[in-house]
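Student: If you scroll down you'll find the structure; I have some questions about it.
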Amino acid sequence: MLALVLAATLFTAPAPPTDMTRSILTDVCLPYVTGETSDTAALEFLGFIETPAPEADTRTFQSEDQAHLLRLTTEGSVADGNLNRVCVIQARRGGFDGAKASVLPVMRQQGFTPETGLPADRPIWTKGGVTVSLRQNPGAAALVRVTFSSLDAEGY
């Protein structure tokens with residue numbers, strides 16, 4: 001009987017809310033900056049809509065509820081020895097603490113090294129040419145900036 005009650009509770013309990021910032025970081029930004037993928041399938045799955053971009057080498061997106069904005073940019077090339085890819089997440093809800101709570105577990109799980117001596121409200125993590133930074137200016141949305149530079153990557 002107890003097993004039936006427990007099973008019923010599990011099936012009727014609401015699912016935890018999706019951590020959109022974490023999903024964007026792991027499913028879009030990190031694969032994009034490392035060159036694993038440049039398609040938009042993950043963005044479509046997450047419900048993002050492409051918006052007009054200010055420059056030819058930039059693509060911009062927004063979530064359906066406009067709580068998250070995203071910018072993807074590629075500059076340079078491997079051939080010229082200076083490839084840079086940038087993914088910027090603008091998290092308009094949850095503030096700095098919410099964004100940090102989303103980013104920190106991913107940085108730990110994927111072996112990123114935190115930069116030391118930085119202010120607590122401007123953390124930076126690095127790994128193999130990829131840099132992830134988090135900041136929030138007063139009155140603005142939290143920004144998660146993920147960059148890759150072939151100049152910082154060994155053997156690229």
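Labeling convention for the structure tokens: chains A, B, ... as they appear, residues from 1 per chain, ligands from 1 in order of appearance.
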DSSP says strand (DSSP E) for which residues of region 15-146 of chain A? Put them as a ChimeraX atom specification?

Tutor: /A:48-51,58-63,68-75,84-91,113-114,124-127,130-135,142-146

Student: I'd like the contact shell of region 20-29 of chain A - 7 Å cut-off, only C-alpha atoms, skipping same-chain residues fewer than 2 positions apart - returned as a list in words.

Tutor: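 Once the nearby chain positions are removed, what remains is Thr18, Pro31, Tyr32, Val33, Ala42, Leu43, Cys87, Ala91, Ala99, Ser102, Val103 and Val146 of chain A.
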
Student: Keeping only N, CA, C and O atoms, write the selected residues to a file as a tab-separated table (two decimals), in the first residue's frame.

Tutor:
```tsv
chain	number	residue	atom	x	y	z
A	18	THR	N	12.69	23.99	-15.56
A	18	THR	CA	13.90	23.90	-16.36
A	18	THR	C	14.80	25.07	-16.04
A	18	THR	O	14.34	26.20	-15.92
A	31	PRO	N	29.07	24.13	-26.85
A	31	PRO	CA	29.30	23.48	-28.14
A	31	PRO	C	29.59	24.49	-29.27
A	31	PRO	O	30.40	24.20	-30.16
A	32	TYR	N	28.97	25.65	-29.23
A	32	TYR	CA	29.19	26.66	-30.27
A	32	TYR	C	30.62	27.19	-30.22
A	32	TYR	O	31.32	27.21	-31.23
A	33	VAL	N	31.07	27.64	-29.06
A	33	VAL	CA	32.40	28.27	-28.99
A	33	VAL	C	33.52	27.28	-29.23
A	33	VAL	O	34.56	27.65	-29.76
A	42	ALA	N	19.34	22.92	-30.93
A	42	ALA	CA	19.15	23.08	-29.48
A	42	ALA	C	18.36	24.35	-29.17
A	42	ALA	O	17.51	24.36	-28.28
A	43	LEU	N	18.62	25.41	-29.92
A	43	LEU	CA	17.87	26.66	-29.71
A	43	LEU	C	16.40	26.48	-30.03
A	43	LEU	O	15.54	26.97	-29.30
A	87	CYS	N	29.60	33.66	-27.33
A	87	CYS	CA	28.20	33.39	-27.05
A	87	CYS	C	27.85	34.17	-25.79
A	87	CYS	O	28.48	33.97	-24.74
A	91	ALA	N	20.42	36.88	-19.19
A	91	ALA	CA	19.36	36.29	-18.37
A	91	ALA	C	18.60	37.41	-17.68
A	91	ALA	O	19.10	38.04	-16.76
A	99	ALA	N	21.87	33.36	-12.08
A	99	ALA	CA	22.78	32.99	-13.17
A	99	ALA	C	23.99	32.24	-12.63
A	99	ALA	O	24.43	31.24	-13.20
A	102	SER	N	23.26	28.73	-11.84
A	102	SER	CA	23.14	27.93	-13.07
A	102	SER	C	24.50	27.57	-13.64
A	102	SER	O	24.71	26.46	-14.14
A	103	VAL	N	25.43	28.51	-13.59
A	103	VAL	CA	26.73	28.35	-14.23
A	103	VAL	C	27.71	27.53	-13.40
A	103	VAL	O	28.42	26.67	-13.92
A	146	VAL	N	30.56	33.55	-22.92
A	146	VAL	CA	31.39	32.37	-23.19
A	146	VAL	C	32.18	32.66	-24.45
A	146	VAL	O	31.60	32.96	-25.50
```

Student: To one decimal in Å, tell me the separation between CA of Asp39 (chain A) and CA of Thr147 (chain A).

Tutor: 17.3 Å

Student: For Ser133 (chain A), list every protein, DNA or RNA residue within 7 Å, evaluated using only C-alpha atoms, and leave out those in the same chain fewer than 2 positions away; present the list as a list in words.

Tutor: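 So the residues in contact are Pro123, Ile124, Trp125, Thr131, Arg135, Val144, Arg145 and Val146 of chain A.
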
Student: Could you pull out the alpha helix (DSSP H) residues of region 6-136 of chain A from DSSP and send them as a PyMOL selection string?

Tutor: chain A and resi 6-12+20-24+30-34+41-45+95-109

Student: Let me see the file: selected residues, N, CA and C atoms, as a short mmCIF file (atom, residue, chain, number, x, y, z; two decimals), in the first residue's frame.

Tutor:
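again-v4.cif, freshly written:
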```
data_model
loop_
_atom_site.label_atom_id
_atom_site.label_comp_id
_atom_site.auth_asym_id
_atom_site.auth_seq_id
_atom_site.Cartn_x
_atom_site.Cartn_y
_atom_site.Cartn_z
N LEU A 6 3.50 6.07 -2.61
CA LEU A 6 4.75 6.68 -3.05
C LEU A 6 4.77 6.83 -4.57
N ALA A 7 4.37 5.80 -5.28
CA ALA A 7 4.34 5.85 -6.75
C ALA A 7 3.37 6.92 -7.23
N ALA A 8 2.22 7.03 -6.61
CA ALA A 8 1.25 8.05 -7.00
C ALA A 8 1.81 9.44 -6.74
N THR A 9 2.53 9.61 -5.65
CA THR A 9 3.12 10.91 -5.33
C THR A 9 4.17 11.29 -6.37
N LEU A 10 4.99 10.33 -6.77
CA LEU A 10 6.02 10.61 -7.76
C LEU A 10 5.43 11.00 -9.10
N PHE A 11 4.36 10.34 -9.50
CA PHE A 11 3.77 10.63 -10.80
C PHE A 11 2.93 11.89 -10.81
N THR A 12 2.45 12.33 -9.66
CA THR A 12 1.63 13.54 -9.62
C THR A 12 2.41 14.76 -9.17
N MET A 20 16.87 27.30 -17.59
CA MET A 20 17.13 27.74 -18.96
C MET A 20 18.56 28.23 -19.15
N THR A 21 19.09 29.00 -18.20
CA THR A 21 20.46 29.51 -18.35
C THR A 21 21.44 28.35 -18.44
N ARG A 22 21.29 27.35 -17.59
CA ARG A 22 22.17 26.18 -17.63
C ARG A 22 22.02 25.43 -18.94
N SER A 23 20.79 25.26 -19.41
CA SER A 23 20.55 24.56 -20.67
C SER A 23 21.20 25.30 -21.84
N ILE A 24 21.08 26.61 -21.86
CA ILE A 24 21.70 27.39 -22.94
C ILE A 24 23.21 27.25 -22.89
N LEU A 30 28.58 26.36 -25.01
CA LEU A 30 29.84 25.61 -24.99
C LEU A 30 30.07 24.85 -26.30
N PRO A 31 29.07 24.13 -26.85
CA PRO A 31 29.30 23.48 -28.14
C PRO A 31 29.59 24.49 -29.27
N TYR A 32 28.97 25.65 -29.23
CA TYR A 32 29.19 26.66 -30.27
C TYR A 32 30.62 27.19 -30.22
N VAL A 33 31.07 27.64 -29.06
CA VAL A 33 32.40 28.27 -28.99
C VAL A 33 33.52 27.28 -29.23
N THR A 34 33.32 26.01 -28.88
CA THR A 34 34.37 25.01 -29.11
C THR A 34 34.33 24.44 -30.52
N ALA A 41 19.53 23.57 -33.70
CA ALA A 41 18.55 22.59 -33.23
C ALA A 41 18.29 22.74 -31.72
N ALA A 42 19.34 22.92 -30.93
CA ALA A 42 19.15 23.08 -29.48
C ALA A 42 18.36 24.35 -29.17
N LEU A 43 18.62 25.41 -29.92
CA LEU A 43 17.87 26.66 -29.71
C LEU A 43 16.40 26.48 -30.03
N GLU A 44 16.13 25.80 -31.10
CA GLU A 44 14.73 25.54 -31.47
C GLU A 44 14.05 24.68 -30.42
N PHE A 45 14.76 23.67 -29.91
CA PHE A 45 14.21 22.81 -28.88
C PHE A 45 13.90 23.61 -27.61
N GLY A 95 18.43 37.32 -11.80
CA GLY A 95 19.56 38.14 -11.39
C GLY A 95 20.89 37.40 -11.39
N PHE A 96 21.88 38.05 -10.78
CA PHE A 96 23.23 37.53 -10.73
C PHE A 96 23.29 36.19 -9.99
N ASP A 97 22.62 36.13 -8.84
CA ASP A 97 22.67 34.90 -8.04
C ASP A 97 22.05 33.72 -8.77
N GLY A 98 20.97 33.96 -9.47
CA GLY A 98 20.34 32.89 -10.25
C GLY A 98 21.24 32.41 -11.38
N ALA A 99 21.87 33.36 -12.08
CA ALA A 99 22.78 32.99 -13.17
C ALA A 99 23.99 32.24 -12.63
N LYS A 100 24.53 32.70 -11.51
CA LYS A 100 25.70 32.03 -10.92
C LYS A 100 25.34 30.62 -10.47
N ALA A 101 24.15 30.44 -9.89
CA ALA A 101 23.70 29.11 -9.48
C ALA A 101 23.55 28.18 -10.67
N SER A 102 23.26 28.73 -11.84
CA SER A 102 23.14 27.93 -13.07
C SER A 102 24.50 27.57 -13.64
N VAL A 103 25.43 28.51 -13.59
CA VAL A 103 26.73 28.35 -14.23
C VAL A 103 27.71 27.53 -13.40
N LEU A 104 27.76 27.78 -12.10
CA LEU A 104 28.77 27.17 -11.24
C LEU A 104 28.82 25.64 -11.30
N PRO A 105 27.70 24.92 -11.23
CA PRO A 105 27.79 23.45 -11.33
C PRO A 105 28.37 22.97 -12.66
N VAL A 106 28.05 23.66 -13.73
CA VAL A 106 28.57 23.28 -15.06
C VAL A 106 30.09 23.49 -15.09
N MET A 107 30.55 24.59 -14.54
CA MET A 107 31.99 24.87 -14.53
C MET A 107 32.73 23.79 -13.73
N ARG A 108 32.18 23.40 -12.61
CA ARG A 108 32.81 22.35 -11.79
C ARG A 108 32.79 21.01 -12.52
N GLN A 109 31.64 20.63 -13.07
CA GLN A 109 31.50 19.33 -13.74
C GLN A 109 32.41 19.20 -14.95
#
```

Student: Just to confirm, what's the straight-line distance from CA of Leu72 (chain A) to CA of Arg59 (chain A) in Å (one decimal)?

Tutor: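 CA of Arg59 (chain A) lies 5.2 Å from CA of Leu72 (chain A).
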
Student: Enter the distance from CA of Phe112 (chain A) to CA of Val88 (chain A), in Å, rounded to one decimal.

Tutor: 17.8 Å

Student: Compile the contact shell of Ser77 (chain A) as a list in words: residues with an atom at most 12 Å away, counting only C-alpha atoms, same-chain residues fewer than 4 positions apart removed.

Tutor: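 So, after excluding close chain neighbours, the residues are Gly35, Asp57, Gly81, Asn82, Leu83, Asn84, Arg85, Phe148, Ser149, Ser150, Leu151 and Tyr156 of chain A.
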
Student: Emit the selected residues as a compact mmCIF listing (two decimals), in the first residue's frame, including N, CA and C atoms.

Tutor:
```
# COMPACT_ATOMS: atom_id res chain seq x y z
N GLY A 35 33.32 24.81 -31.30
CA GLY A 35 33.23 24.36 -32.68
C GLY A 35 32.58 23.00 -32.85
N ASP A 57 28.28 38.76 -39.13
CA ASP A 57 28.91 37.63 -38.46
C ASP A 57 28.27 37.31 -37.11
N GLY A 81 44.90 32.26 -38.06
CA GLY A 81 45.49 32.06 -36.74
C GLY A 81 44.82 32.80 -35.61
N ASN A 82 43.65 33.37 -35.87
CA ASN A 82 42.98 34.14 -34.83
C ASN A 82 41.47 33.93 -34.91
N LEU A 83 41.03 32.75 -34.51
CA LEU A 83 39.60 32.42 -34.51
C LEU A 83 39.02 32.79 -33.16
N ASN A 84 37.94 33.53 -33.16
CA ASN A 84 37.24 33.90 -31.93
C ASN A 84 35.76 33.61 -32.11
N ARG A 85 35.20 32.89 -31.13
CA ARG A 85 33.75 32.66 -31.10
C ARG A 85 33.23 33.16 -29.76
N PHE A 148 35.77 31.70 -27.00
CA PHE A 148 36.87 30.83 -27.39
C PHE A 148 37.80 31.66 -28.22
N SER A 149 39.11 31.54 -27.94
CA SER A 149 40.13 32.20 -28.75
C SER A 149 41.18 31.17 -29.11
N SER A 150 41.46 31.04 -30.41
CA SER A 150 42.49 30.10 -30.84
C SER A 150 43.86 30.54 -30.34
N LEU A 151 44.01 31.82 -30.01
CA LEU A 151 45.29 32.30 -29.46
C LEU A 151 45.52 31.76 -28.05
N TYR A 156 45.76 24.42 -31.23
CA TYR A 156 44.62 24.64 -32.12
C TYR A 156 45.08 25.10 -33.47
```

Student: Closest to Ile89 (chain A) among A:Thr51, A:Ser38, A:Gln62, A:Thr113, using only C-alpha atoms?

Tutor: A:Gln62

Student: Can you tell me which residues surround Arg92 (chain A) at a distance of at most 8 Å, considering only C-alpha atoms, apart from same-chain residues fewer than 3 positions away, and format the answer as a list in words?

Tutor: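 Once the adjacent positions are removed, what remains is Gln66, Ala67, His68, Leu69, Gly95, Ala140, Ala141 and Ala142 of chain A.
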